[in-house]
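For reference, model_27.pdb (PDB, C-alpha atoms, pLDDT in the B column):
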```pdb
ATOM      1  CA  MET A  25      -9.403  63.022 -13.995  1.00 98.00           C
ATOM      2  CA  ARG A  26      -7.857  60.657 -11.436  1.00 98.00           C
ATOM      3  CA  VAL A  27      -5.710  62.569  -8.948  1.00 99.00           C
ATOM      4  CA  ALA A  28      -3.418  60.914  -6.409  1.00 99.00           C
ATOM      5  CA  ILE A  29      -2.598  62.906  -3.303  1.00 98.00           C
ATOM      6  CA  GLY A  30      -0.295  62.263  -0.387  1.00 98.00           C
ATOM      7  CA  ALA A  31       1.093  64.219   2.526  1.00 98.00           C
ATOM      8  CA  ASP A  32       3.395  63.737   5.463  1.00 98.00           C
ATOM      9  CA  HIS A  33       2.747  65.259   8.877  1.00 98.00           C
ATOM     10  CA  GLY A  34       3.772  68.707   7.601  1.00 97.00           C
ATOM     11  CA  GLY A  35       1.063  68.663   4.947  1.00 97.00           C
ATOM     12  CA  PHE A  36      -1.501  66.509   6.694  1.00 97.00           C
ATOM     13  CA  PRO A  37      -3.959  69.254   7.771  1.00 96.00           C
ATOM     14  CA  LEU A  38      -3.909  70.908   4.329  1.00 97.00           C
ATOM     15  CA  LYS A  39      -4.394  67.617   2.495  1.00 98.00           C
ATOM     16  CA  ALA A  40      -7.883  67.115   3.932  1.00 95.00           C
ATOM     17  CA  ALA A  41      -9.073  70.446   2.509  1.00 96.00           C
ATOM     18  CA  LEU A  42      -7.495  69.689  -0.856  1.00 98.00           C
ATOM     19  CA  VAL A  43      -9.141  66.250  -1.090  1.00 98.00           C
ATOM     20  CA  THR A  44     -12.526  67.933  -0.661  1.00 97.00           C
ATOM     21  CA  GLN A  45     -11.677  70.579  -3.255  1.00 98.00           C
ATOM     22  CA  ILE A  46     -10.477  68.043  -5.820  1.00 98.00           C
ATOM     23  CA  ARG A  47     -13.733  66.109  -5.474  1.00 98.00           C
ATOM     24  CA  ASP A  48     -15.738  69.338  -5.691  1.00 98.00           C
ATOM     25  CA  LEU A  49     -13.935  70.091  -8.970  1.00 97.00           C
ATOM     26  CA  GLY A  50     -15.307  66.799 -10.325  1.00 98.00           C
ATOM     27  CA  HIS A  51     -12.162  64.684 -10.117  1.00 98.00           C
ATOM     28  CA  GLN A  52     -11.605  61.249  -8.574  1.00 98.00           C
ATOM     29  CA  VAL A  53      -9.236  61.279  -5.603  1.00 98.00           C
ATOM     30  CA  GLN A  54      -6.819  58.568  -4.558  1.00 98.00           C
ATOM     31  CA  ASP A  55      -5.772  59.521  -1.031  1.00 98.00           C
ATOM     32  CA  LEU A  56      -2.467  57.716  -0.520  1.00 98.00           C
ATOM     33  CA  GLY A  57      -1.912  58.923   3.033  1.00 97.00           C
ATOM     34  CA  ALA A  58      -1.037  59.856   5.585  1.00 98.00           C
ATOM     35  CA  HIS A  59      -4.367  58.861   7.044  1.00 97.00           C
ATOM     36  CA  THR A  60      -3.460  59.837  10.598  1.00 97.00           C
ATOM     37  CA  LEU A  61      -1.223  62.593  11.902  1.00 97.00           C
ATOM     38  CA  ASP A  62       2.131  61.026  12.749  1.00 98.00           C
ATOM     39  CA  PRO A  63       4.932  63.496  13.483  1.00 97.00           C
ATOM     40  CA  THR A  64       7.526  60.789  12.799  1.00 97.00           C
ATOM     41  CA  ASP A  65       6.437  59.927   9.241  1.00 98.00           C
ATOM     42  CA  ASP A  66       8.662  60.740   6.272  1.00 98.00           C
ATOM     43  CA  TYR A  67       7.801  62.683   3.103  1.00 98.00           C
ATOM     44  CA  PRO A  68       9.629  60.316   0.709  1.00 98.00           C
ATOM     45  CA  ASP A  69       7.127  57.558   1.481  1.00 98.00           C
ATOM     46  CA  PHE A  70       4.147  59.650   0.377  1.00 98.00           C
ATOM     47  CA  ALA A  71       5.959  61.276  -2.539  1.00 98.00           C
ATOM     48  CA  GLN A  72       6.900  57.822  -3.795  1.00 98.00           C
ATOM     49  CA  ALA A  73       3.335  56.518  -3.497  1.00 98.00           C
ATOM     50  CA  VAL A  74       1.927  59.471  -5.432  1.00 98.00           C
ATOM     51  CA  ALA A  75       4.678  59.437  -8.056  1.00 98.00           C
ATOM     52  CA  GLN A  76       4.332  55.699  -8.655  1.00 98.00           C
ATOM     53  CA  ALA A  77       0.563  56.048  -9.064  1.00 98.00           C
ATOM     54  CA  VAL A  78       1.141  58.694 -11.743  1.00 98.00           C
ATOM     55  CA  ALA A  79       3.979  56.819 -13.462  1.00 98.00           C
ATOM     56  CA  ALA A  80       1.924  53.602 -13.565  1.00 98.00           C
ATOM     57  CA  GLY A  81      -1.117  55.377 -15.005  1.00 98.00           C
ATOM     58  CA  ARG A  82      -3.307  54.770 -11.955  1.00 98.00           C
ATOM     59  CA  ALA A  83      -3.592  58.561 -11.702  1.00 98.00           C
ATOM     60  CA  GLU A  84      -3.236  61.217 -14.370  1.00 98.00           C
ATOM     61  CA  ARG A  85      -1.937  63.831 -11.940  1.00 98.00           C
ATOM     62  CA  GLY A  86      -0.504  63.833  -8.458  1.00 99.00           C
ATOM     63  CA  ILE A  87      -0.214  66.245  -5.564  1.00 99.00           C
ATOM     64  CA  VAL A  88       2.343  65.925  -2.765  1.00 98.00           C
ATOM     65  CA  VAL A  89       2.053  68.126   0.310  1.00 98.00           C
ATOM     66  CA  CYS A  90       4.844  68.400   2.850  1.00 98.00           C
ATOM     67  CA  GLY A  91       6.260  71.229   4.940  1.00 97.00           C
ATOM     68  CA  SER A  92       8.085  73.123   2.195  1.00 98.00           C
ATOM     69  CA  GLY A  93       7.224  71.123  -0.928  1.00 98.00           C
ATOM     70  CA  VAL A  94      10.918  70.801  -1.716  1.00 98.00           C
ATOM     71  CA  GLY A  95      11.532  67.346  -0.257  1.00 98.00           C
ATOM     72  CA  GLY A  96       8.395  65.997  -1.876  1.00 98.00           C
ATOM     73  CA  SER A  97       9.530  67.346  -5.228  1.00 98.00           C
ATOM     74  CA  VAL A  98      13.024  65.892  -4.907  1.00 98.00           C
ATOM     75  CA  ALA A  99      11.645  62.464  -3.963  1.00 98.00           C
ATOM     76  CA  ALA A 100       8.867  62.381  -6.575  1.00 98.00           C
ATOM     77  CA  ASN A 101      11.294  63.259  -9.357  1.00 97.00           C
ATOM     78  CA  LYS A 102      13.267  60.076  -8.645  1.00 97.00           C
ATOM     79  CA  ILE A 103      10.432  58.051 -10.197  1.00 97.00           C
ATOM     80  CA  ALA A 104      10.770  57.635 -13.964  1.00 96.00           C
ATOM     81  CA  GLY A 105       8.043  59.401 -15.903  1.00 97.00           C
ATOM     82  CA  VAL A 106       7.311  61.926 -13.178  1.00 98.00           C
ATOM     83  CA  ARG A 107       7.785  65.641 -13.665  1.00 98.00           C
ATOM     84  CA  ALA A 108       7.189  67.197 -10.261  1.00 98.00           C
ATOM     85  CA  ALA A 109       7.660  70.805  -9.218  1.00 98.00           C
ATOM     86  CA  VAL A 110       7.134  72.981  -6.189  1.00 98.00           C
ATOM     87  CA  CYS A 111       4.757  75.817  -7.009  1.00 98.00           C
ATOM     88  CA  HIS A 112       3.918  78.780  -4.832  1.00 96.00           C
ATOM     89  CA  ASP A 113       2.142  80.841  -7.493  1.00 97.00           C
ATOM     90  CA  ALA A 114      -0.742  80.095  -9.849  1.00 98.00           C
ATOM     91  CA  TYR A 115       1.228  80.984 -12.979  1.00 98.00           C
ATOM     92  CA  SER A 116       3.813  78.268 -12.315  1.00 98.00           C
ATOM     93  CA  ALA A 117       1.110  75.759 -11.374  1.00 98.00           C
ATOM     94  CA  HIS A 118      -0.577  76.000 -14.781  1.00 98.00           C
ATOM     95  CA  GLN A 119       2.442  76.934 -16.893  1.00 98.00           C
ATOM     96  CA  GLY A 120       4.340  73.907 -15.595  1.00 98.00           C
ATOM     97  CA  VAL A 121       1.652  71.698 -17.108  1.00 98.00           C
ATOM     98  CA  GLU A 122       1.180  73.733 -20.297  1.00 98.00           C
ATOM     99  CA  HIS A 123       4.879  74.019 -21.201  1.00 98.00           C
ATOM    100  CA  ASP A 124       6.633  71.217 -19.302  1.00 98.00           C
ATOM    101  CA  ASP A 125       3.935  68.544 -18.970  1.00 98.00           C
ATOM    102  CA  MET A 126       4.318  68.637 -15.176  1.00 98.00           C
ATOM    103  CA  ASN A 127       2.283  65.805 -13.723  1.00 98.00           C
ATOM    104  CA  VAL A 128       2.916  66.181  -9.978  1.00 99.00           C
ATOM    105  CA  LEU A 129       2.338  69.388  -8.038  1.00 99.00           C
ATOM    106  CA  CYS A 130       4.287  69.757  -4.804  1.00 98.00           C
ATOM    107  CA  LEU A 131       3.058  72.162  -2.165  1.00 98.00           C
ATOM    108  CA  GLY A 132       4.631  73.465   1.007  1.00 98.00           C
ATOM    109  CA  ALA A 133       1.935  73.639   3.671  1.00 97.00           C
ATOM    110  CA  ARG A 134       4.216  75.807   5.814  1.00 97.00           C
ATOM    111  CA  VAL A 135       4.788  78.167   2.884  1.00 97.00           C
ATOM    112  CA  VAL A 136       1.360  78.629   1.297  1.00 97.00           C
ATOM    113  CA  GLY A 137      -1.922  79.136   3.101  1.00 94.00           C
ATOM    114  CA  ALA A 138      -5.031  77.096   2.462  1.00 97.00           C
ATOM    115  CA  GLU A 139      -6.617  79.606   0.079  1.00 98.00           C
ATOM    116  CA  LEU A 140      -3.514  79.913  -2.098  1.00 98.00           C
ATOM    117  CA  ALA A 141      -3.119  76.134  -2.065  1.00 98.00           C
ATOM    118  CA  ARG A 142      -6.661  75.799  -3.430  1.00 98.00           C
ATOM    119  CA  GLU A 143      -5.829  78.295  -6.205  1.00 98.00           C
ATOM    120  CA  LEU A 144      -2.690  76.352  -7.078  1.00 98.00           C
ATOM    121  CA  VAL A 145      -4.547  73.045  -7.219  1.00 98.00           C
ATOM    122  CA  ALA A 146      -7.287  74.529  -9.413  1.00 98.00           C
ATOM    123  CA  ALA A 147      -4.701  76.020 -11.789  1.00 98.00           C
ATOM    124  CA  PHE A 148      -2.751  72.738 -11.940  1.00 98.00           C
ATOM    125  CA  LEU A 149      -5.775  70.531 -12.550  1.00 98.00           C
ATOM    126  CA  SER A 150      -7.363  72.782 -15.176  1.00 98.00           C
ATOM    127  CA  ALA A 151      -4.183  73.120 -17.256  1.00 98.00           C
ATOM    128  CA  GLN A 152      -3.365  70.974 -20.273  1.00 98.00           C
ATOM    129  CA  PHE A 153      -0.045  70.386 -22.004  1.00 98.00           C
ATOM    130  CA  SER A 154       0.083  72.635 -25.069  1.00 97.00           C
ATOM    131  CA  GLY A 155       1.666  70.101 -27.417  1.00 95.00           C
ATOM    132  CA  GLU A 156       3.388  72.976 -29.232  1.00 97.00           C
ATOM    133  CA  GLU A 157       6.466  71.923 -31.188  1.00 97.00           C
ATOM    134  CA  ARG A 158       8.895  73.843 -28.962  1.00 97.00           C
ATOM    135  CA  HIS A 159       7.372  72.344 -25.813  1.00 97.00           C
ATOM    136  CA  LEU A 160       7.411  68.833 -27.284  1.00 97.00           C
ATOM    137  CA  ARG A 161      11.043  69.306 -28.319  1.00 96.00           C
ATOM    138  CA  ARG A 162      12.000  70.366 -24.804  1.00 96.00           C
ATOM    139  CA  LEU A 163       9.942  67.605 -23.174  1.00 96.00           C
ATOM    140  CA  ASN A 164      11.643  65.028 -25.380  1.00 95.00           C
ATOM    141  CA  LYS A 165      15.028  66.351 -24.233  1.00 95.00           C
ATOM    142  CA  VAL A 166      13.937  65.960 -20.615  1.00 95.00           C
ATOM    143  CA  LYS A 167      12.784  62.424 -21.335  1.00 94.00           C
ATOM    144  CA  ALA A 168      16.131  61.687 -23.006  1.00 94.00           C
ATOM    145  CA  LEU A 169      17.934  62.903 -19.884  1.00 93.00           C
ATOM    146  CA  GLU A 170      15.820  60.545 -17.801  1.00 91.00           C
ATOM    147  CA  ALA A 171      16.455  57.636 -20.175  1.00 92.00           C
ATOM    148  CA  GLY A 172      20.186  58.314 -19.990  1.00 90.00           C
ATOM    149  CA  MET A 173      20.056  57.912 -16.221  1.00 79.00           C
ATOM    150  CA  ALA A 174      18.176  54.602 -16.299  1.00 69.00           C
ATOM    151  CA  GLY A 175      19.999  51.750 -14.661  1.00 55.00           C
ATOM    152  CA  GLY A 176      22.624  54.037 -13.182  1.00 55.00           C
ATOM    153  CA  ARG A 177      24.019  54.973 -16.587  1.00 52.00           C
ATOM    154  CA  ARG A 178      24.876  58.602 -16.979  1.00 50.00           C
ATOM    155  CA  LYS A 179      25.256  60.562 -20.173  1.00 49.00           C
ATOM    156  CA  THR A 180      27.926  63.187 -19.780  1.00 49.00           C
ATOM    157  CA  SER A 181      28.207  64.633 -23.271  1.00 51.00           C
ATOM    158  CA  ALA A 182      26.815  68.127 -23.719  1.00 49.00           C
ATOM    159  CA  PRO A 183      25.259  69.437 -26.922  1.00 53.00           C
TER     160      PRO A 183
END
```
This entry written out as structure tokens:
Amino acid sequence: MRVAIGADHGGFPLKAALVTQIRDLGHQVQDLGAHTLDPTDDYPDFAQAVAQAVAAGRAERGIVVCGSGVGGSVAANKIAGVRAAVCHDAYSAHQGVEHDDMNVLCLGARVVGAELARELVAAFLSAQFSGEERHLRRLNKVKALEAGMAGGRRKTSAP
């Protein structure tokens, strides 16, 4: 699998360990930065790079690492076709893929330690979307929400 990864200064030290792990798991890594520690860099830049790689099909999954994971998740979810989530437990990291077709994992380097981060990445990368009817139905509703927001249009009617 092709995996894009990016991190700002808050996630920079953890990213290096995760790149090694992803390769050790047999996946191809696209390291989209940061490539040097710069305390003035901004998480949206790296979240955007990872999310666009996933949305364009240059990567099948993405990982964004910042201080809390929250900002990376917010930014990545602005890219159409991306379903990003912050995960701090292994259940959510695999269940998000299996039930919700999550394609970008966001990690908070200041929240999870290196060992837990490795567990989360392994759970995320080994999971597959179930394709069950109820999960497809829900995913299609999420995609419809996204389509309704395209071009600044907003659907306001509730079911």
Practice prompt. Expand the PyMOL selection byres ((chain A and resi 129) around 9) into the individual residues it matches in the shown file, reporting them as a list in words.
Written response: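 Checked against the file, the PyMOL selection byres ((chain A and resi 129) around 9) matches Arg85, Gly86, Ile87, Val88, Val89, Gly93, Ser97, Arg107, Ala108, Ala109, Val110, Cys111, Ala117, Met126, Asn127, Val128, Cys130, Leu131, Leu144, Val145 and Phe148 of chain A.
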Quiz item: Do you know which residues are at most 12 Å from A:Glu157 counting all atoms listed in the file, after dropping those on the same chain fewer than 5 positions away, and could you put them as a PyMOL selection string?
Solution: chain A and resi 123-124+162-164
When you draw a straight line from atom CA of A:Val74 to atom CA of A:Ala100, how long is it in Å?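 Computing it gives 7.6 Å between the two atoms.
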(Q) Which residues would end up in the selection if the PyMOL selection byres ((chain A and resi 149) around 12) were applied here, given that I need the answer as a ChimeraX atom specification? (A) /A:25-28,42,45-47,49-52,84-87,114,117-122,125-129,142-148,150-153
If the PyMOL selection byres ((chain A and resi 37) around 12) were run on this exact file, what residues would it hold? Put them as a list in words.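 Residues picked by the PyMOL selection byres ((chain A and resi 37) around 12): Gly30, Ala31, Asp32, His33, Gly34, Gly35, Phe36, Leu38, Lys39, Ala40, Ala41, Leu42, Val43, Gly57, Ala58, His59, Thr60, Leu61, Asp62, Val89, Cys90, Gly91, Gly132, Ala133, Arg134, Gly137 and Ala138 of chain A.
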Atom CA of A:Val78 to atom CA of A:Val166: how many Å, to one decimal?
->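 Between atom CA of A:Val78 and atom CA of A:Val166 the gap is 17.2 Å.
For the atom pair formed by atom CA of A:Val53 and atom CA of A:Gly81, the distance is 13.8 Å, given to one decimal.
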Return the padded bounding box of stretch 135-144 of chain A as JSON: axis-aligned, built from all atoms listed in the file, 5 Å added on each side, with centre and edge lengths in Å to one decimal.
```
{"center_x": -0.9, "center_y": 77.9, "center_z": -2.0, "size_x": 21.4, "size_y": 14.1, "size_z": 20.2}
```
Using all atoms listed in the file, the residue out of A:Ile103, A:Leu160, A:Val136, A:Ala171 with shortest distance to A:Ala79 is A:Ile103
query: Given the choices A:Lys102, A:Gly172, A:Asp113, A:Leu56, which gets closest to A:Ala141 if the distance is worked out from only C-alpha atoms?
result: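 Ranking A:Lys102, A:Gly172, A:Asp113, A:Leu56 by distance to A:Ala141, first place goes to A:Asp113.
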